[in-house]
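Trainee: Following this line is data.txt, made up of compact mmCIF, C-alpha atoms:
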```txt
# COMPACT_ATOMS: atom_id res chain seq x y z
CA MET A 1 0.00 0.00 0.00
CA HIS A 2 1.44 3.38 -1.02
CA LEU A 3 0.55 6.29 1.23
CA PRO A 4 1.01 9.84 -0.08
CA PRO A 5 3.74 12.04 1.51
CA TRP A 6 1.19 14.48 3.00
CA PHE A 7 -0.24 11.63 5.06
CA TRP A 8 3.06 11.08 6.88
CA ILE A 9 3.49 14.75 7.77
CA ALA A 10 -0.18 15.00 8.86
CA THR A 11 0.43 12.00 11.12
CA VAL A 12 2.85 14.10 13.22
CA PRO A 13 0.23 16.56 14.60
CA LEU A 14 -2.33 13.76 14.79
CA LEU A 15 -0.06 11.66 17.02
CA SER A 16 1.69 14.44 18.95
CA TRP A 17 -1.57 16.20 19.87
CA GLY A 18 -3.14 12.82 20.66
CA VAL A 19 -0.26 12.02 23.03
CA VAL A 20 -0.60 15.53 24.54
CA GLY A 21 -4.14 14.57 25.64
CA LEU A 22 -2.66 11.69 27.63
CA LEU A 23 0.23 13.75 29.04
CA GLN A 24 -2.21 16.44 30.19
CA LYS A 25 -3.94 13.90 32.42
CA LEU A 26 -0.58 12.55 33.66
CA SER A 27 0.58 16.11 34.36
CA THR A 28 -2.46 16.87 36.54
CA ASN A 29 -1.85 13.59 38.40
CA HIS A 30 1.30 15.25 39.79
CA LEU A 31 0.72 19.02 39.55
CA SER A 32 -2.08 21.54 40.02
CA ALA A 33 -3.88 22.84 36.91
CA GLU A 34 -2.03 26.16 37.33
CA TRP A 35 1.47 24.66 37.40
CA SER A 36 0.54 22.34 34.50
CA VAL A 37 -0.15 25.48 32.42
CA VAL A 38 3.17 27.02 33.53
CA TRP A 39 5.24 24.05 32.30
CA TRP A 40 3.13 23.71 29.14
CA CYS A 41 3.98 27.35 28.35
CA VAL A 42 7.70 26.81 29.10
CA GLY A 43 7.64 23.79 26.77
CA MET A 44 6.14 25.93 24.00
CA PHE A 45 8.92 28.49 24.40
CA LEU A 46 11.54 25.76 23.92
CA LEU A 47 10.34 25.39 20.31
CA GLU A 48 10.34 29.14 19.54
CA PRO A 49 13.74 29.09 17.75
CA TRP A 50 12.27 26.70 15.16
CA LEU A 51 9.22 28.89 14.65
CA TYR A 52 11.23 32.08 14.16
CA SER A 53 11.71 32.57 10.43
CA GLY A 54 13.72 35.78 10.21
CA PRO A 55 13.48 39.51 11.08
CA ALA A 56 10.66 40.07 8.55
CA MET A 57 8.51 38.11 10.96
CA LEU A 58 8.81 40.89 13.54
CA LYS A 59 7.36 43.56 11.23
CA PHE A 60 3.77 42.61 11.92
CA PRO A 61 0.98 45.22 11.84
CA VAL A 62 0.20 46.39 15.40
CA ARG A 63 -3.42 45.33 15.16
CA GLY A 64 -2.37 41.84 14.08
CA LEU A 65 0.10 41.68 16.92
CA ILE A 66 -2.62 42.51 19.44
CA TRP A 67 -4.89 39.79 18.02
CA ALA A 68 -2.04 37.28 18.09
CA LEU A 69 -1.26 38.08 21.73
CA LEU A 70 -4.95 37.85 22.62
CA SER A 71 -5.08 34.51 20.82
CA GLY A 72 -2.25 33.29 23.07
CA ALA A 73 -4.08 34.52 26.17
CA PHE A 74 -7.28 32.72 25.16
CA ASN A 75 -5.34 29.57 24.37
CA ALA A 76 -3.67 29.63 27.80
CA LEU A 77 -7.00 30.22 29.55
CA GLY A 78 -8.47 27.27 27.62
CA ALA A 79 -5.47 25.14 28.59
CA TRP A 80 -5.95 26.09 32.25
CA ALA A 81 -9.69 25.17 32.10
CA LEU A 82 -8.79 21.84 30.44
CA PHE A 83 -6.18 21.04 33.11
CA ALA A 84 -8.71 22.02 35.80
CA ALA A 85 -11.30 19.67 34.23
CA LEU A 86 -8.78 16.80 34.32
CA LYS A 87 -7.63 17.70 37.84
CA SER A 88 -11.21 17.65 39.11
CA GLY A 89 -11.77 14.06 37.99
CA GLY A 90 -12.55 14.34 34.29
CA LYS A 91 -11.33 11.36 32.25
CA ALA A 92 -8.84 12.09 29.46
CA SER A 93 -10.96 9.88 27.17
CA VAL A 94 -13.99 12.14 27.74
CA VAL A 95 -12.49 15.61 28.31
CA SER A 96 -10.27 15.45 25.18
CA PRO A 97 -13.09 14.86 22.65
CA PHE A 98 -15.42 17.17 24.64
CA THR A 99 -13.05 20.15 24.56
CA SER A 100 -12.16 19.57 20.91
CA LEU A 101 -15.70 20.71 20.07
CA TYR A 102 -14.72 24.40 20.43
CA PRO A 103 -15.50 25.08 16.72
CA VAL A 104 -19.16 25.20 17.86
CA VAL A 105 -18.39 28.55 19.51
CA VAL A 106 -16.67 29.71 16.31
CA VAL A 107 -19.71 28.75 14.21
CA PHE A 108 -21.91 30.96 16.42
CA LEU A 109 -19.45 33.86 16.70
CA ALA A 110 -18.17 33.89 13.09
CA PRO A 111 -21.30 35.58 11.62
CA LEU A 112 -21.10 38.34 14.27
CA VAL A 113 -17.33 38.91 14.43
CA LEU A 114 -16.01 37.75 11.05
CA ARG A 115 -19.19 38.36 9.03
CA GLU A 116 -19.11 34.76 7.79
CA SER A 117 -22.39 32.91 7.27
CA ILE A 118 -23.30 29.51 8.73
CA THR A 119 -23.75 26.74 6.17
CA ALA A 120 -26.32 23.94 6.47
CA LEU A 121 -23.47 21.47 6.96
CA GLN A 122 -22.09 23.51 9.87
CA ALA A 123 -25.56 23.44 11.45
CA VAL A 124 -25.44 19.63 11.23
CA GLY A 125 -22.00 19.82 12.86
CA VAL A 126 -23.39 21.88 15.76
CA ALA A 127 -26.25 19.38 16.27
CA SER A 128 -23.76 16.50 16.19
CA ALA A 129 -21.47 18.29 18.67
CA LEU A 130 -24.34 18.88 21.08
CA MET A 131 -25.29 15.20 20.88
CA ALA A 132 -21.66 14.30 21.54
CA VAL A 133 -21.46 16.55 24.61
CA THR A 134 -24.68 15.11 26.03
CA LEU A 135 -23.59 11.50 25.52
CA LEU A 136 -19.97 12.00 26.61
CA SER A 137 -21.17 13.61 29.84
CA THR A 138 -23.18 10.57 30.91
CA MET B 1 -30.18 11.32 36.21
CA GLU B 2 -26.74 10.80 34.65
CA ALA B 3 -27.04 14.12 32.82
CA VAL B 4 -27.96 15.86 36.09
CA ARG B 5 -24.95 14.27 37.79
CA ALA B 6 -22.71 15.54 34.97
CA LEU B 7 -24.09 19.06 35.41
CA LYS B 8 -23.03 18.94 39.06
CA ALA B 9 -19.50 17.80 38.20
CA ASN B 10 -16.76 20.44 38.15
CA TRP B 11 -14.97 18.78 35.22
CA PHE B 12 -18.05 19.35 33.04
CA TRP B 13 -18.11 23.11 33.65
CA TYR B 14 -14.35 23.47 33.28
CA SER B 15 -14.64 21.64 29.93
CA VAL B 16 -17.42 24.03 28.84
CA LEU B 17 -15.19 26.96 29.89
CA CYS B 18 -12.35 25.48 27.83
CA VAL B 19 -14.62 25.22 24.76
CA PHE B 20 -15.51 28.94 25.10
CA PHE B 21 -11.90 30.07 25.64
CA TRP B 22 -10.67 28.04 22.68
CA GLY B 23 -13.53 29.43 20.59
CA GLY B 24 -12.10 32.88 21.45
CA TRP B 25 -8.62 31.61 20.55
CA ILE B 26 -9.75 30.60 17.03
CA ILE B 27 -11.65 33.86 16.44
CA THR B 28 -8.71 36.05 17.55
CA SER B 29 -6.30 33.87 15.52
CA LYS B 30 -8.48 34.39 12.46
CA LEU B 31 -8.64 38.17 13.10
CA GLY B 32 -4.84 38.15 13.43
CA THR B 33 -4.22 36.25 10.18
CA ASN B 34 -6.70 38.59 8.44
CA THR B 35 -4.18 41.40 9.08
CA GLY B 36 -1.52 39.51 7.12
CA ILE B 37 0.28 37.59 9.87
CA THR B 38 1.11 34.06 8.78
CA ASP B 39 -0.04 30.98 10.74
CA ARG B 40 3.56 30.37 11.67
CA GLY B 41 3.86 33.96 12.93
CA MET B 42 0.72 33.47 15.04
CA GLN B 43 2.19 30.32 16.52
CA PHE B 44 5.43 32.21 17.26
CA ILE B 45 3.70 35.13 19.01
CA PHE B 46 1.04 33.29 20.96
CA PRO B 47 3.25 31.90 23.78
CA PHE B 48 4.03 35.57 24.55
CA GLY B 49 0.28 36.24 24.84
CA ALA B 50 0.05 33.29 27.23
CA LEU B 51 2.67 34.83 29.56
CA PRO B 52 0.32 37.24 31.44
CA ILE B 53 -2.07 34.33 32.09
CA VAL B 54 0.80 32.15 33.34
CA LEU B 55 1.89 35.00 35.62
CA ALA B 56 -1.64 35.43 36.96
CA LEU B 57 -1.90 31.67 37.64
CA LEU B 58 1.43 31.77 39.48
CA LEU B 59 0.12 34.60 41.64
CA ILE B 60 -3.04 32.58 42.36
CA LYS B 61 -0.72 29.83 43.58
CA ARG B 62 1.20 32.51 45.59
CA LEU B 63 4.33 31.55 43.61
CA ARG B 64 4.54 28.32 45.63
CA PHE B 65 6.68 25.93 43.59
CA GLU B 66 5.28 22.41 43.12
CA LYS B 67 8.19 20.02 43.20
CA SER B 68 7.42 17.02 41.04
CA GLY B 69 9.95 15.81 38.49
CA LYS B 70 7.36 13.67 36.75
CA GLY B 71 4.82 16.50 36.69
CA ILE B 72 7.38 18.93 35.23
CA PHE B 73 8.43 16.36 32.60
CA TYR B 74 4.82 15.75 31.53
CA GLY B 75 4.04 19.47 31.56
CA LEU B 76 7.09 20.38 29.44
CA SER B 77 6.34 17.51 27.04
CA ASN B 78 2.82 18.92 26.62
CA GLY B 79 4.22 22.25 25.47
CA VAL B 80 6.93 20.75 23.24
CA LEU B 81 4.61 18.24 21.56
CA SER B 82 1.89 20.89 21.07
CA ALA B 83 4.42 23.07 19.24
CA VAL B 84 5.86 20.11 17.27
CA GLY B 85 2.35 19.29 16.05
CA GLY B 86 1.85 22.93 15.06
CA LEU B 87 5.16 23.01 13.15
CA ALA B 88 4.32 19.81 11.26
CA LEU B 89 0.89 21.20 10.36
CA PHE B 90 2.45 24.40 8.96
CA ALA B 91 4.90 22.25 6.99
CA ALA B 92 2.02 20.21 5.55
CA LEU B 93 0.00 23.31 4.69
CA SER B 94 2.87 25.40 3.29
CA PRO B 95 1.80 26.93 -0.06
CA GLY B 96 4.70 25.37 -2.01
CA ARG B 97 3.39 21.84 -1.45
CA HIS B 98 -0.10 22.26 -2.95
CA TRP B 99 -1.54 19.54 -0.75
CA ASN B 100 -5.24 19.41 0.03
CA THR B 101 -5.78 21.71 3.04
CA SER B 102 -9.23 20.32 3.90
CA VAL B 103 -8.08 16.70 3.98
CA ILE B 104 -4.96 17.49 6.05
CA THR B 105 -7.00 19.58 8.51
CA ALA B 106 -9.57 16.78 8.78
CA VAL B 107 -6.93 14.10 9.45
CA THR B 108 -5.06 16.16 12.07
CA SER B 109 -8.25 17.27 13.85
CA LEU B 110 -8.98 13.64 14.72
CA TYR B 111 -6.27 13.72 17.43
CA PRO B 112 -8.82 13.17 20.28
CA LEU B 113 -9.28 9.63 18.93
CA VAL B 114 -5.58 8.96 19.58
CA THR B 115 -6.02 10.32 23.13
CA VAL B 116 -9.03 8.07 23.70
CA ILE B 117 -7.12 5.00 22.49
CA LEU B 118 -4.16 5.90 24.75
CA ALA B 119 -6.40 6.71 27.75
CA VAL B 120 -8.14 3.33 27.44
CA THR B 121 -4.95 1.33 26.91
CA VAL B 122 -2.43 3.23 29.08
CA LEU B 123 -4.58 4.82 31.80
CA ARG B 124 -7.10 1.95 31.80
CA GLU B 125 -10.02 4.38 31.59
CA ARG B 126 -13.33 2.78 30.74
CA LEU B 127 -16.00 4.24 28.47
CA THR B 128 -19.71 3.46 28.66
CA TRP B 129 -21.55 2.57 25.45
CA LYS B 130 -23.23 5.98 25.52
CA GLN B 131 -19.83 7.65 25.69
CA VAL B 132 -18.60 5.56 22.74
CA ILE B 133 -21.61 6.70 20.70
CA GLY B 134 -20.91 10.26 21.92
CA LEU B 135 -17.36 9.89 20.65
CA GLY B 136 -18.79 8.92 17.24
CA PHE B 137 -20.90 12.11 17.17
CA ALA B 138 -17.83 14.13 18.22
CA VAL B 139 -15.84 12.67 15.29
CA VAL B 140 -18.65 13.56 12.86
CA ALA B 141 -18.78 17.13 14.27
CA ILE B 142 -14.98 17.52 14.14
CA LEU B 143 -14.86 16.32 10.53
CA ILE B 144 -17.66 18.67 9.51
CA PHE B 145 -16.00 21.66 11.20
CA SER B 146 -12.65 20.92 9.63
CA PHE B 147 -13.97 21.37 6.07
```
Translate this structure into structure tokens?
Mentor:
Amino acid sequence: MHLPPWFWIATVPLLSWGVVGLLQKLSTNHLSAEWSVVWWCVGMFLLEPWLYSGPAMLKFPVRGLIWALLSGAFNALGAWALFAALKSGGKASVVSPFTSLYPVVVVFLAPLVLRESITALQAVGVASALMAVTLLST
Amino acid sequence: MEAVRALKANWFWYSVLCVFFWGGWIITSKLGTNTGITDRGMQFIFPFGALPIVLALLLIKRLRFEKSGKGIFYGLSNGVLSAVGGLALFAALSPGRHWNTSVITAVTSLYPLVTVILAVTVLRERLTWKQVIGLGFAVVAILIFSF
């Protein structure tokens, strides 16, 4: 069986993020949610040299920079809430798929903030996500 | 009754909070990239945006250090692997490759399935049949949102 090259590269985020879900639970087995976020953030900084692609990268428009920083703040708050969910007894096998349903919020906010319209398929996605949340929570 | 029990559980509400925060993360990321910043640039800047939150959380903990080698190792690995996944995704989606963005996004967004498999095999977590069906609905929703 011949698998295309894109598949192998796509496997890296699939596996690394999948393993992260497990490590998040293991991390909260030993640390508080707050300290789990601290070390997660330190770990992200370790990879910064590989993400830096030259001085041109630092000439971002100010507005874009503010959005990017806000995006980081929201991501960290989400990470803290996820660690807190795991720390307070949530199973990794339930919390991981549950919290990956955040595009539901995007579907509702996109028409207001980004002036994008909701498609019929996205509406089906929202219904499916709500079913998933209900069943995963039982 | 089970649904009522879930509503009383802290993990449920923290998970809901996470969904809302990460919804905000995607919206602000999109607003950022609309100004011309590349995905890679966003990924580079966003740990700096996380710093004030980290600082606030440290203050909540009154800067009391939690000494756990294992905990620190797992925590650091979380950050490193999150960034590694991000780097690989940018490599896969780089314009020069002309690979199908929708398919790659769909494949990578299925990472919770890997977590579930690992949680069941490594952590010995058990899922009820309802939760397995719920997982199926989650996969359908994730796939729909990724296109």
Trainee: Please identify all polymer residues within 12 Å of Gly49 of chain B, counting only C-alpha atoms, omitting same-chain residues fewer than 5 positions from it, and present them as an mmCIF file with C-alpha atoms, in the frame of the given file.
Mentor:
```cif
data_model
loop_
_atom_site.group_PDB
_atom_site.id
_atom_site.type_symbol
_atom_site.label_atom_id
_atom_site.label_comp_id
_atom_site.auth_asym_id
_atom_site.auth_seq_id
_atom_site.Cartn_x
_atom_site.Cartn_y
_atom_site.Cartn_z
ATOM 1 C CA CYS A 41 3.980 27.350 28.350
ATOM 2 C CA MET A 44 6.140 25.930 24.000
ATOM 3 C CA PHE A 45 8.920 28.490 24.400
ATOM 4 C CA LEU A 65 0.100 41.680 16.920
ATOM 5 C CA ILE A 66 -2.620 42.510 19.440
ATOM 6 C CA TRP A 67 -4.890 39.790 18.020
ATOM 7 C CA ALA A 68 -2.040 37.280 18.090
ATOM 8 C CA LEU A 69 -1.260 38.080 21.730
ATOM 9 C CA LEU A 70 -4.950 37.850 22.620
ATOM 10 C CA SER A 71 -5.080 34.510 20.820
ATOM 11 C CA GLY A 72 -2.250 33.290 23.070
ATOM 12 C CA ALA A 73 -4.080 34.520 26.170
ATOM 13 C CA PHE A 74 -7.280 32.720 25.160
ATOM 14 C CA ASN A 75 -5.340 29.570 24.370
ATOM 15 C CA ALA A 76 -3.670 29.630 27.800
ATOM 16 C CA LEU A 77 -7.000 30.220 29.550
ATOM 17 C CA TRP B 25 -8.620 31.610 20.550
ATOM 18 C CA THR B 28 -8.710 36.050 17.550
ATOM 19 C CA SER B 29 -6.300 33.870 15.520
ATOM 20 C CA MET B 42 0.720 33.470 15.040
ATOM 21 C CA GLN B 43 2.190 30.320 16.520
ATOM 22 C CA PHE B 44 5.430 32.210 17.260
ATOM 23 C CA VAL B 54 0.800 32.150 33.340
ATOM 24 C CA LEU B 55 1.890 35.000 35.620
#
```
Trainee: Counting all atoms listed in the file, which residues in chain B sit no more than 6 Å from chain A? For each one, give the nearest pair of atoms and the distance in Å, sorted by chain then residue number, as CSV.
Mentor:
```
residue,atom,partner,partner_atom,distance
B:Glu2,CA,A:Thr138,CA,5.2
B:Ala3,CA,A:Thr138,CA,5.6
B:Ala6,CA,A:Ser137,CA,5.7
B:Trp11,CA,A:Ala85,CA,3.9
B:Tyr14,CA,A:Ala85,CA,5.0
B:Ser15,CA,A:Ala85,CA,5.8
B:Cys18,CA,A:Gly78,CA,4.3
B:Val19,CA,A:Tyr102,CA,4.4
B:Phe21,CA,A:Gly78,CA,4.9
B:Trp22,CA,A:Gly78,CA,5.5
B:Gly23,CA,A:Val105,CA,5.1
B:Trp25,CA,A:Ser71,CA,4.6
B:Thr28,CA,A:Ser71,CA,5.1
B:Ser29,CA,A:Ser71,CA,5.5
B:Gly32,CA,A:Gly64,CA,4.5
B:Thr35,CA,A:Gly64,CA,5.3
B:Met42,CA,A:Ala68,CA,5.6
B:Phe44,CA,A:Leu51,CA,5.7
B:Phe46,CA,A:Gly72,CA,3.9
B:Pro47,CA,A:Gly72,CA,5.7
B:Gly49,CA,A:Leu69,CA,3.9
B:Ala50,CA,A:Ala73,CA,4.4
B:Val54,CA,A:Val38,CA,5.7
B:Leu57,CA,A:Glu34,CA,5.5
B:Gly71,CA,A:Ser27,CA,4.9
B:Tyr74,CA,A:Ser27,CA,5.1
B:Gly75,CA,A:Trp39,CA,4.8
B:Leu76,CA,A:Gly43,CA,4.4
B:Asn78,CA,A:Val20,CA,5.2
B:Gly79,CA,A:Gly43,CA,4.0
B:Val80,CA,A:Gly43,CA,4.7
B:Leu81,CA,A:Ser16,CA,5.5
B:Ser82,CA,A:Trp17,CA,6.0
B:Ala83,CA,A:Met44,CA,5.8
B:Gly85,CA,A:Pro13,CA,3.7
B:Thr108,CA,A:Leu14,CA,4.5
B:Tyr111,CA,A:Gly18,CA,4.6
B:Pro112,CA,A:Pro97,CA,5.2
B:Val114,CA,A:Gly18,CA,4.7
B:Thr115,CA,A:Gly18,CA,4.5
B:Val116,CA,A:Ser93,CA,4.4
B:Ala119,CA,A:Ser93,CA,5.6
B:Lys130,CA,A:Leu135,CA,5.5
B:Gln131,CA,A:Leu136,CA,4.4
B:Gly134,CA,A:Ala132,CA,4.1
B:Phe137,CA,A:Ala132,CA,4.9
B:Ala138,CA,A:Ala132,CA,5.1
B:Ala141,CA,A:Gly125,CA,4.4
B:Ile144,CA,A:Gly125,CA,5.6
```
Trainee: In Å, rounded to a single decimal, give me how far atom CA of Leu110 of chain B is from atom CA of Val132 of chain B.
Mentor: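 About the pair atom CA of Val132 of chain B and atom CA of Leu110 of chain B: they are 14.9 Å apart.
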Trainee: Report the distance between atom CA of Leu112 of chain A and atom CA of Val139 of chain B in Å, rounded to one decimal place.
Mentor: 26.2 Å
Trainee: Once 5 Å is added on each side, what are the centre and the three edge lengths, in Å to one decimal, of the axis-aligned box enclosing the listed atoms of segment 64-79 of chain A? Present them as AutoDock Vina command-line options.
Mentor:
```
--center_x -4.2 --center_y 33.8 --center_z 21.8 --size_x 18.6 --size_y 27.4 --size_z 25.5
```
Trainee: To one decimal place in Å, what is the distance between atom CA of Ile72 of chain B and atom CA of Ile26 of chain B?
Mentor: 27.6 Å
